[in-house]
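Single-structure report; data block below.
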Amino acid sequence: VKFKVFRFNPDADEAPRYDVYTVKANANDRILDCLNNIRWEQDGSLSYRMSCAHGICGSDGVSINGVPALACQKLVKDYDYKREILVEPLPFFPVVKDLIVDMEPFFERINAVSPNKTESTTNSDRENMQTPEERSLFDDAVKCVLCACCVAACPVMLKEDPNFIGPAAVLRSQRHIFDSRATDNTERMKILEKPHGIWSCKSYYRCTQVCPKGIKVTEAISVSYTHLRAHETKAN
């Protein structure tokens, strides 16, 4: 199987390039296995992130044939491997080296949706009970592994509003806003309503399509829309 891999070291290279590697791989091998083969057996200078290699840590996000994904979750057979498989860094983010991107802009957005001072639970001296129905309101949101695939696929961030807080940050807010144990819901909603906040989302569904955990991100954002509108109406 041939892999066309993006290569660029900002400290040494004048411009990016693509190197082509041939890997002896089975259809059920993961793309991460193939990258490991390249690095371990062919070119030790190739750089990319990986950790758990089982879709839990979210660290090995890359663009495969133009679509953001976790390299540890995608198999060779998921692509037309009779042709070159293109592997590039996640769009939107600055390249640190090869397939490694600077995730700081991503985590800045995640942190930006939290109030400066937050009291997350109603009682600190005892357990806060929650029904299964209350928990179900944000079940999907807690599955997020912060891989940034949704951000890298978002047309709003890529083409329309690069300052958009992003689908992952809105999802993180939803996780707290709908938590019956939280007491800072109103503050979090005010943050979402700031410029480049939740209203910048255009519901392209690309975030949902690429999410490696199967989270219905667009639906979660839509539910947050409705909740914020209802809160505004109630406040007025």
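Residues are referred to by chain and number: the chain letter is A, B, ... according to the order shown in the structure tokens, the number counts from 1 in that chain, and ligands are numbered separately from 1 in the order shown.
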Identify all residues of segment 20-81 of chain A in strand (DSSP E) (DSSP on the backbone) and supply them as a list in words. Val20, Tyr21, Thr22, Gly61, Val62, Ser63, Ile64, Val67, Pro68, Ala69 and Leu70 of chain A
Write the residues you've just listed into a file as a compact mmCIF listing (two decimals), in the first residue's frame, and include all heavy atoms for each of them.
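Contents of the output file part.txt:
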```
# COMPACT_ATOMS: atom_id res chain seq x y z
N VAL A 20 6.43 9.69 -0.52
CA VAL A 20 5.64 8.50 -0.78
C VAL A 20 6.35 7.28 -0.22
O VAL A 20 7.55 7.07 -0.47
CB VAL A 20 5.38 8.32 -2.29
CG1 VAL A 20 4.60 7.02 -2.54
CG2 VAL A 20 4.60 9.51 -2.85
N TYR A 21 5.62 6.49 0.56
CA TYR A 21 6.17 5.29 1.18
C TYR A 21 5.31 4.08 0.78
O TYR A 21 4.09 4.18 0.68
CB TYR A 21 6.18 5.41 2.71
CG TYR A 21 6.91 6.60 3.24
CD1 TYR A 21 6.23 7.80 3.51
CD2 TYR A 21 8.28 6.54 3.50
CE1 TYR A 21 6.90 8.90 4.02
CE2 TYR A 21 8.95 7.65 4.01
CZ TYR A 21 8.26 8.82 4.27
OH TYR A 21 8.93 9.91 4.77
N THR A 22 5.96 2.95 0.59
CA THR A 22 5.24 1.71 0.32
C THR A 22 5.32 0.82 1.55
O THR A 22 6.41 0.54 2.06
CB THR A 22 5.86 0.98 -0.89
OG1 THR A 22 5.77 1.83 -2.05
CG2 THR A 22 5.09 -0.31 -1.18
N GLY A 61 -5.07 12.37 15.79
CA GLY A 61 -5.91 12.93 14.75
C GLY A 61 -5.09 13.42 13.57
O GLY A 61 -4.11 14.15 13.74
N VAL A 62 -5.45 13.00 12.37
CA VAL A 62 -4.81 13.44 11.12
C VAL A 62 -5.90 13.54 10.06
O VAL A 62 -7.04 13.15 10.27
CB VAL A 62 -3.72 12.46 10.65
CG1 VAL A 62 -2.53 12.46 11.60
CG2 VAL A 62 -4.28 11.04 10.50
N SER A 63 -5.53 14.07 8.92
CA SER A 63 -6.43 14.11 7.77
C SER A 63 -6.06 12.97 6.83
O SER A 63 -4.92 12.89 6.38
CB SER A 63 -6.32 15.46 7.06
OG SER A 63 -7.09 15.46 5.88
N ILE A 64 -7.01 12.08 6.56
CA ILE A 64 -6.76 10.93 5.69
C ILE A 64 -7.64 11.08 4.45
O ILE A 64 -8.87 11.13 4.56
CB ILE A 64 -7.07 9.60 6.40
CG1 ILE A 64 -6.31 9.53 7.75
CG2 ILE A 64 -6.69 8.42 5.52
CD1 ILE A 64 -6.70 8.34 8.60
N VAL A 67 -10.08 13.87 4.95
CA VAL A 67 -11.11 13.81 5.99
C VAL A 67 -10.45 13.59 7.35
O VAL A 67 -9.72 12.61 7.54
CB VAL A 67 -12.11 12.67 5.72
CG1 VAL A 67 -13.17 12.62 6.82
CG2 VAL A 67 -12.76 12.84 4.36
N PRO A 68 -10.70 14.47 8.33
CA PRO A 68 -10.13 14.29 9.67
C PRO A 68 -10.59 12.99 10.32
O PRO A 68 -11.77 12.62 10.23
CB PRO A 68 -10.65 15.51 10.44
CG PRO A 68 -10.93 16.53 9.40
CD PRO A 68 -11.42 15.75 8.21
N ALA A 69 -9.65 12.30 10.96
CA ALA A 69 -9.97 11.02 11.61
C ALA A 69 -8.85 10.66 12.57
O ALA A 69 -7.77 11.25 12.55
CB ALA A 69 -10.13 9.92 10.56
N LEU A 70 -9.12 9.67 13.43
CA LEU A 70 -8.08 9.11 14.28
C LEU A 70 -7.41 7.98 13.53
O LEU A 70 -8.07 7.03 13.08
CB LEU A 70 -8.68 8.59 15.59
CG LEU A 70 -9.32 9.62 16.53
CD1 LEU A 70 -9.77 8.94 17.82
CD2 LEU A 70 -8.36 10.76 16.82
```
Counting only C-alpha atoms, which residues of segment 5-30 of chain A fall within 10 Å of segment 40-59 of chain A, and what is the closest atom pair for each with its distance in Å at one decimal, ordered by chain and rising number, as CSV?
```
residue,atom,partner,partner_atom,distance
A:Val5,CA,A:Leu46,CA,9.1
A:Phe6,CA,A:Leu46,CA,9.4
A:Arg7,CA,A:Leu46,CA,7.6
A:Phe8,CA,A:Leu46,CA,9.5
A:Asn9,CA,A:Ser47,CA,9.5
A:Asp19,CA,A:Leu46,CA,10.0
A:Tyr21,CA,A:Gln42,CA,8.2
A:Thr22,CA,A:Gln42,CA,9.3
A:Val23,CA,A:Gln42,CA,9.2
A:Arg30,CA,A:Ala53,CA,9.7
```
Mind writing the picked residues with all heavy atoms as a CSV table (one decimal), in the first residue's frame?
```csv
chain,number,residue,atom,x,y,z
A,5,VAL,N,2.6,11.1,2.3
A,5,VAL,CA,2.6,11.7,3.6
A,5,VAL,C,3.1,13.1,3.5
A,5,VAL,O,4.2,13.4,3.0
A,5,VAL,CB,3.4,10.9,4.6
A,5,VAL,CG1,3.3,11.5,6.0
A,5,VAL,CG2,2.9,9.4,4.6
A,6,PHE,N,2.4,14.0,4.2
A,6,PHE,CA,2.8,15.4,4.3
A,6,PHE,C,4.0,15.5,5.2
A,6,PHE,O,4.1,15.0,6.2
A,6,PHE,CB,1.7,16.3,4.9
A,6,PHE,CG,1.9,17.7,5.1
A,6,PHE,CD1,1.6,18.7,4.2
A,6,PHE,CD2,2.6,18.2,6.3
A,6,PHE,CE1,1.8,20.0,4.4
A,6,PHE,CE2,2.8,19.5,6.5
A,6,PHE,CZ,2.4,20.4,5.5
A,7,ARG,N,5.0,16.3,4.7
A,7,ARG,CA,6.3,16.5,5.5
A,7,ARG,C,6.6,18.0,5.5
A,7,ARG,O,6.6,18.7,4.5
A,7,ARG,CB,7.4,15.7,4.8
A,7,ARG,CG,7.3,14.2,4.6
A,7,ARG,CD,7.0,13.5,5.9
A,7,ARG,NE,8.0,13.8,6.9
A,7,ARG,CZ,9.2,13.1,7.0
A,7,ARG,NH1,9.5,12.1,6.1
A,7,ARG,NH2,10.1,13.4,7.9
A,8,PHE,N,6.9,18.5,6.7
A,8,PHE,CA,7.3,19.9,6.8
A,8,PHE,C,7.8,20.1,8.2
A,8,PHE,O,7.2,19.8,9.2
A,8,PHE,CB,6.1,20.8,6.6
A,8,PHE,CG,6.4,22.3,6.7
A,8,PHE,CD1,7.5,22.8,5.9
A,8,PHE,CD2,5.7,23.1,7.5
A,8,PHE,CE1,7.8,24.1,6.0
A,8,PHE,CE2,6.0,24.5,7.6
A,8,PHE,CZ,7.0,25.0,6.8
A,9,ASN,N,9.0,20.6,8.3
A,9,ASN,CA,9.7,21.1,9.5
A,9,ASN,C,9.9,22.6,9.4
A,9,ASN,O,10.8,23.0,8.7
A,9,ASN,CB,11.0,20.4,9.7
A,9,ASN,CG,11.6,20.8,11.1
A,9,ASN,OD1,11.2,21.7,11.8
A,9,ASN,ND2,12.7,20.1,11.4
A,19,ASP,N,6.1,13.0,0.8
A,19,ASP,CA,7.0,11.8,0.6
A,19,ASP,C,6.1,10.6,0.4
A,19,ASP,O,5.0,10.5,1.1
A,19,ASP,CB,7.9,11.5,1.7
A,19,ASP,CG,9.0,12.6,1.8
A,19,ASP,OD1,9.2,13.3,0.8
A,19,ASP,OD2,9.7,12.7,2.8
A,21,TYR,N,5.6,6.5,0.6
A,21,TYR,CA,6.2,5.3,1.2
A,21,TYR,C,5.3,4.1,0.8
A,21,TYR,O,4.1,4.2,0.7
A,21,TYR,CB,6.2,5.4,2.7
A,21,TYR,CG,6.9,6.6,3.2
A,21,TYR,CD1,6.2,7.8,3.5
A,21,TYR,CD2,8.3,6.5,3.5
A,21,TYR,CE1,6.9,8.9,4.0
A,21,TYR,CE2,9.0,7.6,4.0
A,21,TYR,CZ,8.3,8.8,4.3
A,21,TYR,OH,8.9,9.9,4.8
A,22,THR,N,6.0,3.0,0.6
A,22,THR,CA,5.2,1.7,0.3
A,22,THR,C,5.3,0.8,1.5
A,22,THR,O,6.4,0.5,2.1
A,22,THR,CB,5.9,1.0,-0.9
A,22,THR,OG1,5.8,1.8,-2.0
A,22,THR,CG2,5.1,-0.3,-1.2
A,23,VAL,N,4.2,0.4,2.0
A,23,VAL,CA,4.1,-0.4,3.2
A,23,VAL,C,3.4,-1.7,2.9
A,23,VAL,O,2.4,-1.8,2.2
A,23,VAL,CB,3.2,0.4,4.3
A,23,VAL,CG1,3.1,-0.5,5.6
A,23,VAL,CG2,3.9,1.7,4.7
A,30,ARG,N,-4.5,-1.0,10.7
A,30,ARG,CA,-4.9,0.4,11.0
A,30,ARG,C,-3.9,1.3,10.3
A,30,ARG,O,-2.8,1.0,10.0
A,30,ARG,CB,-4.9,0.7,12.5
A,30,ARG,CG,-5.8,-0.2,13.3
A,30,ARG,CD,-5.6,0.0,14.8
A,30,ARG,NE,-4.2,-0.2,15.2
A,30,ARG,CZ,-3.8,0.0,16.4
A,30,ARG,NH1,-4.6,0.5,17.3
A,30,ARG,NH2,-2.5,-0.2,16.7
```
Pick from A:Arg17, A:Arg188, A:His231, A:Arg172, whichever lies nearest to Ile110 of chain A using only C-alpha atoms: A:Arg172
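With only C-alpha atoms as the atoms that count, the minimum distance from Leu137 of chain A to the choices A:Arg83, A:Arg206, A:His227, A:His196 is reached by A:His227.
Distance check against Asp102 of chain A using only C-alpha atoms: of A:Ala148, A:Phe138, A:Glu187, A:Glu127, the minimum falls on A:Ala148.
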Which value, in Å to one decimal, gives the distance between atom CA of Pro105 of chain A and atom CA of Gly197 of chain A? 14.9 Å
Mind checking DSSP for segment 14-147 of chain A and telling me the alpha helix (DSSP H) residues as an NGL selection string? :A and (31-37 or 104-112 or 132-136)
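When only C-alpha atoms are used to compute distances to Glu104 of chain A, the closest of the residues A:Cys72, A:Leu146, A:Ile85, A:Ile38 turns out to be A:Leu146.
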Contacts of segment 31-93 of chain A with segment 151-161 of chain A up to 6 Å, shortest pair per row, only C-alpha atoms, as a tab-separated table:
```
residue	atom	partner	partner_atom	distance
A:Leu90	CA	A:Ala152	CA	5.7
A:Pro91	CA	A:Ala152	CA	5.0
A:Phe92	CA	A:Ala152	CA	5.7
```
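Atom CA of Pro212 of chain A lies 18.4 Å from atom CA of Phe107 of chain A.
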Contacts of Lys190 of chain A at 10 Å or less, counting only C-alpha atoms, minus same-chain residues fewer than 5 places along, as a PDB file with all heavy atoms, in the first residue's frame?
```pdb
ATOM      1  N   VAL A 113     -14.746  28.653  27.346  1.00  0.00           N
ATOM      2  CA  VAL A 113     -16.174  28.506  27.648  1.00  0.00           C
ATOM      3  C   VAL A 113     -16.437  28.284  29.132  1.00  0.00           C
ATOM      4  O   VAL A 113     -17.586  28.111  29.544  1.00  0.00           O
ATOM      5  CB  VAL A 113     -16.796  27.340  26.838  1.00  0.00           C
ATOM      6  CG1 VAL A 113     -16.728  27.622  25.356  1.00  0.00           C
ATOM      7  CG2 VAL A 113     -16.129  26.014  27.170  1.00  0.00           C
ATOM      8  N   PRO A 115     -16.441  29.744  33.000  1.00  0.00           N
ATOM      9  CA  PRO A 115     -16.414  30.994  33.768  1.00  0.00           C
ATOM     10  C   PRO A 115     -15.104  31.118  34.541  1.00  0.00           C
ATOM     11  O   PRO A 115     -14.461  30.110  34.870  1.00  0.00           O
ATOM     12  CB  PRO A 115     -17.598  30.845  34.727  1.00  0.00           C
ATOM     13  CG  PRO A 115     -18.473  29.808  34.097  1.00  0.00           C
ATOM     14  CD  PRO A 115     -17.551  28.878  33.380  1.00  0.00           C
ATOM     15  N   ASN A 185     -24.671  27.489  35.273  1.00  0.00           N
ATOM     16  CA  ASN A 185     -25.275  27.346  33.949  1.00  0.00           C
ATOM     17  C   ASN A 185     -25.458  28.690  33.242  1.00  0.00           C
ATOM     18  O   ASN A 185     -25.158  28.833  32.054  1.00  0.00           O
ATOM     19  CB  ASN A 185     -26.633  26.643  34.051  1.00  0.00           C
ATOM     20  CG  ASN A 185     -26.604  25.439  34.964  1.00  0.00           C
ATOM     21  OD1 ASN A 185     -26.365  25.582  36.163  1.00  0.00           O
ATOM     22  ND2 ASN A 185     -26.841  24.263  34.417  1.00  0.00           N
ATOM     23  N   GLY A 197     -19.458  33.007  19.081  1.00  0.00           N
ATOM     24  CA  GLY A 197     -19.905  31.910  19.921  1.00  0.00           C
ATOM     25  C   GLY A 197     -20.842  30.970  19.178  1.00  0.00           C
ATOM     26  O   GLY A 197     -20.703  30.757  17.970  1.00  0.00           O
ATOM     27  N   LEU A 228     -30.862  28.076  24.914  1.00  0.00           N
ATOM     28  CA  LEU A 228     -30.486  29.479  25.090  1.00  0.00           C
ATOM     29  C   LEU A 228     -31.630  30.402  24.724  1.00  0.00           C
ATOM     30  O   LEU A 228     -31.878  31.403  25.411  1.00  0.00           O
ATOM     31  CB  LEU A 228     -29.238  29.809  24.254  1.00  0.00           C
ATOM     32  CG  LEU A 228     -27.905  29.768  25.001  1.00  0.00           C
ATOM     33  CD1 LEU A 228     -27.609  28.339  25.508  1.00  0.00           C
ATOM     34  CD2 LEU A 228     -26.760  30.228  24.091  1.00  0.00           C
TER      35      LEU A 228
END
```
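Using only C-alpha atoms, the contacts of Gln209 of chain A at a cut-off of 9 Å, with sequence neighbours closer than 6 positions omitted, comprise Cys150, Ala153, Ile215, Lys216 and Val217 of chain A.
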